[in-house]
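Here's the structure we're looking at; comments come further down.
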Amino acid sequence: MSVRDRVVLLVGGVGGAKLALGLAHVLPPESLTVIVNTADDFEHLGLHISPDVDTLMYTLAGVANPQFGWGLAGDTFRAMEMVERYGGPTWFNLGDADLGTSLVRTALLRQGRTLTEITRQLSRALGVGPTLLPMSDDAVRTVLETDRGSLGFQEYFVRERWQPVVHRIRFEGCEAAQPSPAVAEALDSATLIVFGPSNPFLSIDPILSIPGIRQRIAGARVPRIAVTPIIAGQAVKGPTAKLMSELGVDISPLGVVQHYRELVDGFILDEADRDLLAPIEALGVKVTARRTLMQTLDNKVDLAIALLDWVEEDQL
């Protein structure tokens, strides 16, 4: 059996979506399963919003807004203009077509459908080939303890523009949550597990917080690879570096590897951080340097190919 047969990618947000797209271009659809963070989900204007799921779904369907990486290309915002006119909350902006996704999701949830079932239906309607799985059908919510009090993820990230200083992160509901049967089966049958270049603390940790998921990955007898979200001491996008500083974590690929300790066998850092190859090897983790900045589709595909080839060639 090849490592390419059943690749499972853990992600959240735009950075992870880029690698997912690259892998989707080099693997047959049935060989790629993407497990997505849903601790960013929240209710807004009476609707269940799943930002990371939608970002992955739109990206894999080829309809994401190319400027932002999230939302839909060519979307309009007439509905939110009316919300503003009525004095409603507009700090979280949703395009008109994007609202359509949330309307259908919310209606199906109220009918008793699971988030997994709904995501499968929406993905198929958009022509998404790989399997896209919410991390759980149970509600888990990221809460950040900050110098401005407790903030839900979207309040922190969007409304406050991730400016508050974070003291602690917790995942409400994680103890009672379970991985869906589809997530459990994907991890149990995986031939390769990949941690995408997503924020380790806000995108990957919520997935790992669900009982059964971390244990499955820790005990997996298949290659487990992480791709750096940090390049030359900076995050490509978002608050990763700022969070690492506030939480007392070394702002470098080395800090990321230490965070994933005992969960990964291999690590891909950027060519700009070649000086960290030896220190990471010293931790007992195999490491290689590649171009990890994914600005174009070719960049995304090249990184996906490099990752798969490296795992095969080095027999991780």
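Scheme for the structure tokens: letters A, B, ... for chains in order shown; per-chain residue numbers from 1; ligand numbers from 1 in order shown.
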Excluding same-chain residues fewer than 5 positions from range 291-296 of chain A, what lies within 7 Å of it counting only C-alpha atoms, as a list of chain:residue names?
->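 Selected residues are A:Lys18, A:Asp270, A:Glu271, A:Leu303.
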Picked from range 157-305 of chain A by DSSP as strand (DSSP E or B), as a PyMOL selection string | chain A and resi 166-172+179+192-195+224-227+230-231+234-235+266-270+286-290
Neighbour list for Leu133 in chain A as number ranges by chain, cut-off 12 Å, only C-alpha atoms, skip fewer than 4 positions in-chain = A: 8-12, 32-38, 50, 52-54, 56-57, 114-123, 137, 179-187, 207
Writer output for current selection, N, CA and C atoms, as a compact mmCIF listing (two decimals), in the first residue's frame:
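Final output, part-v6.txt:
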```txt
# COMPACT_ATOMS: atom_id res chain seq x y z
N VAL A 8 -4.69 11.91 4.90
CA VAL A 8 -5.58 12.69 5.76
C VAL A 8 -4.87 13.99 6.11
N LEU A 9 -5.51 15.10 5.82
CA LEU A 9 -4.95 16.43 6.06
C LEU A 9 -5.77 17.13 7.13
N LEU A 10 -5.10 17.62 8.18
CA LEU A 10 -5.76 18.39 9.23
C LEU A 10 -5.53 19.87 8.97
N VAL A 11 -6.60 20.65 8.91
CA VAL A 11 -6.45 22.06 8.54
C VAL A 11 -7.50 22.94 9.20
N GLY A 12 -7.28 24.23 9.00
CA GLY A 12 -8.26 25.25 9.33
C GLY A 12 -7.87 26.51 8.60
N LEU A 32 -7.89 11.55 -0.84
CA LEU A 32 -7.65 12.70 0.03
C LEU A 32 -8.87 12.99 0.90
N THR A 33 -8.63 13.00 2.22
CA THR A 33 -9.65 13.39 3.18
C THR A 33 -9.12 14.58 3.97
N VAL A 34 -9.92 15.62 4.09
CA VAL A 34 -9.53 16.83 4.80
C VAL A 34 -10.39 16.97 6.04
N ILE A 35 -9.76 16.94 7.21
CA ILE A 35 -10.47 17.14 8.48
C ILE A 35 -10.32 18.61 8.87
N VAL A 36 -11.45 19.28 9.07
CA VAL A 36 -11.46 20.74 9.20
C VAL A 36 -11.90 21.17 10.60
N ASN A 37 -11.19 22.16 11.12
CA ASN A 37 -11.55 22.78 12.39
C ASN A 37 -12.95 23.39 12.32
N THR A 38 -13.78 23.10 13.33
CA THR A 38 -15.10 23.73 13.41
C THR A 38 -15.29 24.48 14.73
N SER A 50 -19.97 28.34 9.41
CA SER A 50 -18.81 27.44 9.52
C SER A 50 -17.69 28.00 8.63
N ASP A 52 -14.30 27.96 8.48
CA ASP A 52 -13.21 27.15 7.95
C ASP A 52 -13.72 26.10 6.97
N VAL A 53 -14.84 25.48 7.29
CA VAL A 53 -15.42 24.50 6.36
C VAL A 53 -15.72 25.16 5.02
N ASP A 54 -16.30 26.35 5.07
CA ASP A 54 -16.65 27.04 3.82
C ASP A 54 -15.41 27.44 3.04
N LEU A 56 -12.53 25.91 2.99
CA LEU A 56 -12.02 24.69 2.33
C LEU A 56 -12.91 24.29 1.18
N MET A 57 -14.20 24.34 1.40
CA MET A 57 -15.15 23.92 0.37
C MET A 57 -15.06 24.81 -0.87
N THR A 114 -26.71 16.00 10.49
CA THR A 114 -25.43 16.29 11.14
C THR A 114 -24.60 17.21 10.25
N LEU A 115 -23.63 17.88 10.88
CA LEU A 115 -22.74 18.77 10.13
C LEU A 115 -21.96 17.98 9.08
N THR A 116 -21.61 16.74 9.41
CA THR A 116 -20.90 15.89 8.44
C THR A 116 -21.76 15.61 7.22
N GLU A 117 -23.01 15.25 7.45
CA GLU A 117 -23.91 14.96 6.34
C GLU A 117 -24.13 16.21 5.48
N ILE A 118 -24.30 17.33 6.14
CA ILE A 118 -24.56 18.58 5.43
C ILE A 118 -23.35 19.01 4.60
N THR A 119 -22.17 18.88 5.19
CA THR A 119 -20.95 19.25 4.46
C THR A 119 -20.77 18.37 3.24
N ARG A 120 -21.09 17.10 3.38
CA ARG A 120 -21.00 16.20 2.23
C ARG A 120 -21.96 16.64 1.13
N GLN A 121 -23.20 17.01 1.49
CA GLN A 121 -24.18 17.43 0.51
C GLN A 121 -23.76 18.73 -0.19
N LEU A 122 -23.31 19.70 0.60
CA LEU A 122 -22.91 20.98 0.01
C LEU A 122 -21.67 20.82 -0.87
N SER A 123 -20.72 20.01 -0.41
CA SER A 123 -19.50 19.79 -1.19
C SER A 123 -19.80 19.15 -2.53
N ASP A 137 -19.30 16.35 14.92
CA ASP A 137 -20.68 16.81 14.78
C ASP A 137 -21.16 17.47 16.07
N PRO A 179 -15.16 12.53 17.88
CA PRO A 179 -14.96 12.58 16.42
C PRO A 179 -16.13 11.88 15.75
N SER A 180 -16.54 12.36 14.62
CA SER A 180 -17.60 11.66 13.89
C SER A 180 -17.09 10.29 13.46
N PRO A 181 -17.97 9.34 13.21
CA PRO A 181 -17.53 8.04 12.70
C PRO A 181 -16.66 8.16 11.46
N ALA A 182 -16.97 9.15 10.60
CA ALA A 182 -16.18 9.32 9.37
C ALA A 182 -14.77 9.79 9.69
N VAL A 183 -14.61 10.69 10.67
CA VAL A 183 -13.28 11.16 11.07
C VAL A 183 -12.48 10.03 11.69
N ALA A 184 -13.12 9.27 12.58
CA ALA A 184 -12.44 8.14 13.23
C ALA A 184 -11.97 7.13 12.19
N GLU A 185 -12.82 6.82 11.22
CA GLU A 185 -12.47 5.83 10.20
C GLU A 185 -11.34 6.35 9.31
N ALA A 186 -11.38 7.66 8.98
CA ALA A 186 -10.34 8.23 8.13
C ALA A 186 -8.98 8.15 8.81
N LEU A 187 -8.93 8.47 10.10
CA LEU A 187 -7.65 8.42 10.83
C LEU A 187 -7.18 6.97 11.01
N ILE A 207 -8.92 20.63 16.86
CA ILE A 207 -9.13 19.27 16.34
C ILE A 207 -8.55 18.25 17.31
```
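Considering only C-alpha atoms, the residue among A:Gly15, A:Gln154, A:Gly248, A:Ser2 positioned nearest to Ala235 in chain A is A:Gly15.
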With distances taken over only C-alpha atoms, the candidate from A:Ala97, A:Ile280, A:Ala20, A:Leu247 nearest Glu145 in chain A is A:Leu247
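Minimum distance to Pro229 in chain A across A:Leu151, A:Ile169, A:Val14, A:Leu283 (counting only C-alpha atoms) occurs at A:Val14.
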Looking at A:Thr101, A:Gly88, A:Asp5, A:Glu30, which one is nearest to Ile49 in chain A, with distances taken over only C-alpha atoms?
-> A:Thr101
Using the chain letters and numbers from this document, which residues of range 11-115 of chain A does DSSP assign to alpha helix (DSSP H), as a PyMOL selection string?
-> chain A and resi 13-26+51-61+78-85+96-110+115
Of the candidates A:Val158, A:Leu27, A:Val140, A:Gly152, which one gets nearest to Asp205 in chain A if we count only C-alpha atoms?
-> A:Val140
Residue among A:Ile210, A:Leu94, A:Ala176, A:Ala218 lying closest to Pro134 in chain A, counting only C-alpha atoms |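 Of the candidates, the smallest distance to Pro134 in chain A is held by A:Ile210.
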Rounded to one decimal place, report the CA of Gln315 in chain A-CA of Leu132 in chain A distance in Å.
-> 27.2 Å
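Interatomic distance, CA of Lys286 in chain A against CA of Phe267 in chain A: 6.3 Å.
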Which residues are near Phe157 in chain A? Cut-off 12 Å, only C-alpha atoms, ignore same chain within fewer than 5 positions. Put them as a short mmCIF file (atom, residue, chain, number, x, y, z; two decimals) with C-alpha atoms, in the first residue's frame.
```cif
data_model
loop_
_atom_site.label_atom_id
_atom_site.label_comp_id
_atom_site.auth_asym_id
_atom_site.auth_seq_id
_atom_site.Cartn_x
_atom_site.Cartn_y
_atom_site.Cartn_z
CA ASP A 40 -14.53 28.74 14.81
CA PRO A 51 -16.01 29.71 8.25
CA TRP A 91 -18.68 43.37 11.98
CA PHE A 92 -18.79 39.89 10.44
CA THR A 142 -12.65 28.35 20.83
CA VAL A 143 -12.58 30.90 23.64
CA LEU A 144 -9.60 33.18 24.21
CA LEU A 151 -13.67 36.41 23.64
CA GLY A 152 -15.15 33.90 21.23
CA TRP A 162 -6.77 39.83 16.79
CA GLN A 163 -5.31 42.77 18.72
CA PRO A 164 -6.09 41.71 22.33
CA VAL A 165 -3.24 40.04 24.20
CA VAL A 166 -4.02 36.35 24.69
CA LEU A 202 -6.33 28.15 16.80
CA GLY A 238 -2.89 35.96 10.69
CA PRO A 239 -1.97 35.96 14.38
CA THR A 240 0.21 32.84 14.64
CA LEU A 243 0.06 34.26 19.64
#
```
Which range 234-255 of chain A residues have any atom within 12 Å of an atom of range 221-228 of chain A, and for each, what is the nearest pair of atoms with distance in Å to one decimal, counting only C-alpha atoms, rows sorted by chain and number, as JSON lines?
```
{"residue": "A:Gln234", "atom": "CA", "partner": "A:Thr228", "partner_atom": "CA", "distance": 10.7}
{"residue": "A:Ala235", "atom": "CA", "partner": "A:Thr228", "partner_atom": "CA", "distance": 9.3}
{"residue": "A:Val236", "atom": "CA", "partner": "A:Thr228", "partner_atom": "CA", "distance": 9.9}
{"residue": "A:Thr240", "atom": "CA", "partner": "A:Thr228", "partner_atom": "CA", "distance": 11.0}
{"residue": "A:Ala241", "atom": "CA", "partner": "A:Thr228", "partner_atom": "CA", "distance": 11.8}
{"residue": "A:Ile251", "atom": "CA", "partner": "A:Thr228", "partner_atom": "CA", "distance": 11.2}
{"residue": "A:Ser252", "atom": "CA", "partner": "A:Thr228", "partner_atom": "CA", "distance": 8.8}
{"residue": "A:Pro253", "atom": "CA", "partner": "A:Thr228", "partner_atom": "CA", "distance": 6.0}
{"residue": "A:Leu254", "atom": "CA", "partner": "A:Thr228", "partner_atom": "CA", "distance": 9.3}
{"residue": "A:Gly255", "atom": "CA", "partner": "A:Thr228", "partner_atom": "CA", "distance": 10.0}
```
Write out, as an mmCIF file, in the first residue's frame, the residues just selected, with N, CA and C atoms.
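Result saved to part_28.cif:
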```cif
data_model
loop_
_atom_site.group_PDB
_atom_site.id
_atom_site.type_symbol
_atom_site.label_atom_id
_atom_site.label_comp_id
_atom_site.auth_asym_id
_atom_site.auth_seq_id
_atom_site.Cartn_x
_atom_site.Cartn_y
_atom_site.Cartn_z
ATOM 1 N N GLN A 234 8.076 34.820 10.939
ATOM 2 C CA GLN A 234 6.817 35.504 10.673
ATOM 3 C C GLN A 234 5.754 34.519 10.214
ATOM 4 N N ALA A 235 4.510 34.822 10.546
ATOM 5 C CA ALA A 235 3.396 34.050 10.011
ATOM 6 C C ALA A 235 3.088 34.561 8.611
ATOM 7 N N VAL A 236 2.745 33.645 7.724
ATOM 8 C CA VAL A 236 2.373 34.069 6.370
ATOM 9 C C VAL A 236 1.148 34.962 6.433
ATOM 10 N N THR A 240 -0.589 33.946 14.103
ATOM 11 C CA THR A 240 0.209 32.838 14.635
ATOM 12 C C THR A 240 1.439 33.316 15.400
ATOM 13 N N ALA A 241 2.248 34.180 14.784
ATOM 14 C CA ALA A 241 3.476 34.649 15.439
ATOM 15 C C ALA A 241 3.152 35.452 16.690
ATOM 16 N N ILE A 251 9.033 31.678 18.443
ATOM 17 C CA ILE A 251 8.421 32.016 17.148
ATOM 18 C C ILE A 251 9.319 31.515 16.030
ATOM 19 N N SER A 252 9.258 30.234 15.770
ATOM 20 C CA SER A 252 10.087 29.622 14.737
ATOM 21 C C SER A 252 9.513 28.244 14.423
ATOM 22 N N PRO A 253 9.948 27.643 13.325
ATOM 23 C CA PRO A 253 9.539 26.260 13.056
ATOM 24 C C PRO A 253 9.900 25.319 14.207
ATOM 25 N N LEU A 254 10.987 25.611 14.912
ATOM 26 C CA LEU A 254 11.375 24.786 16.050
ATOM 27 C C LEU A 254 10.294 24.814 17.126
ATOM 28 N N GLY A 255 9.723 25.995 17.366
ATOM 29 C CA GLY A 255 8.639 26.105 18.332
ATOM 30 C C GLY A 255 7.414 25.309 17.911
#
```
Work out how far CA of Val285 in chain A is from CA of Ser189 in chain A, in Å to one decimal.
->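 Between these atoms lies a distance of 22.9 Å.
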Residue contacts of Asp314 in chain A (12 Å, only C-alpha atoms) excluding same-chain residues fewer than 3 positions away, as a ChimeraX atom specification | /A:3,223,265-266,286-288,306-311
Do you know which residues are at most 6 Å from Val7 in chain A counting only C-alpha atoms, after dropping those on the same chain fewer than 6 positions away, and could you put them as a ChimeraX atom specification?
-> /A:31-32,190-192
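The shell of residues at most 12 Å from Ala177 in chain A, with only C-alpha atoms counted and near chain neighbours (fewer than 2 positions) removed, consists of A:Thr38, A:Ala39, A:Met135, A:Ser136, A:Asp137, A:Asp138, A:Ala139, A:Val140, A:Arg141, A:Phe171, A:Glu172, A:Gly173, A:Cys174, A:Glu175, A:Pro179, A:Ser180, A:Pro206, A:Ile207, A:Leu208, A:Ser209, A:Ile210, A:Pro211, A:Gly212, A:Ile213.
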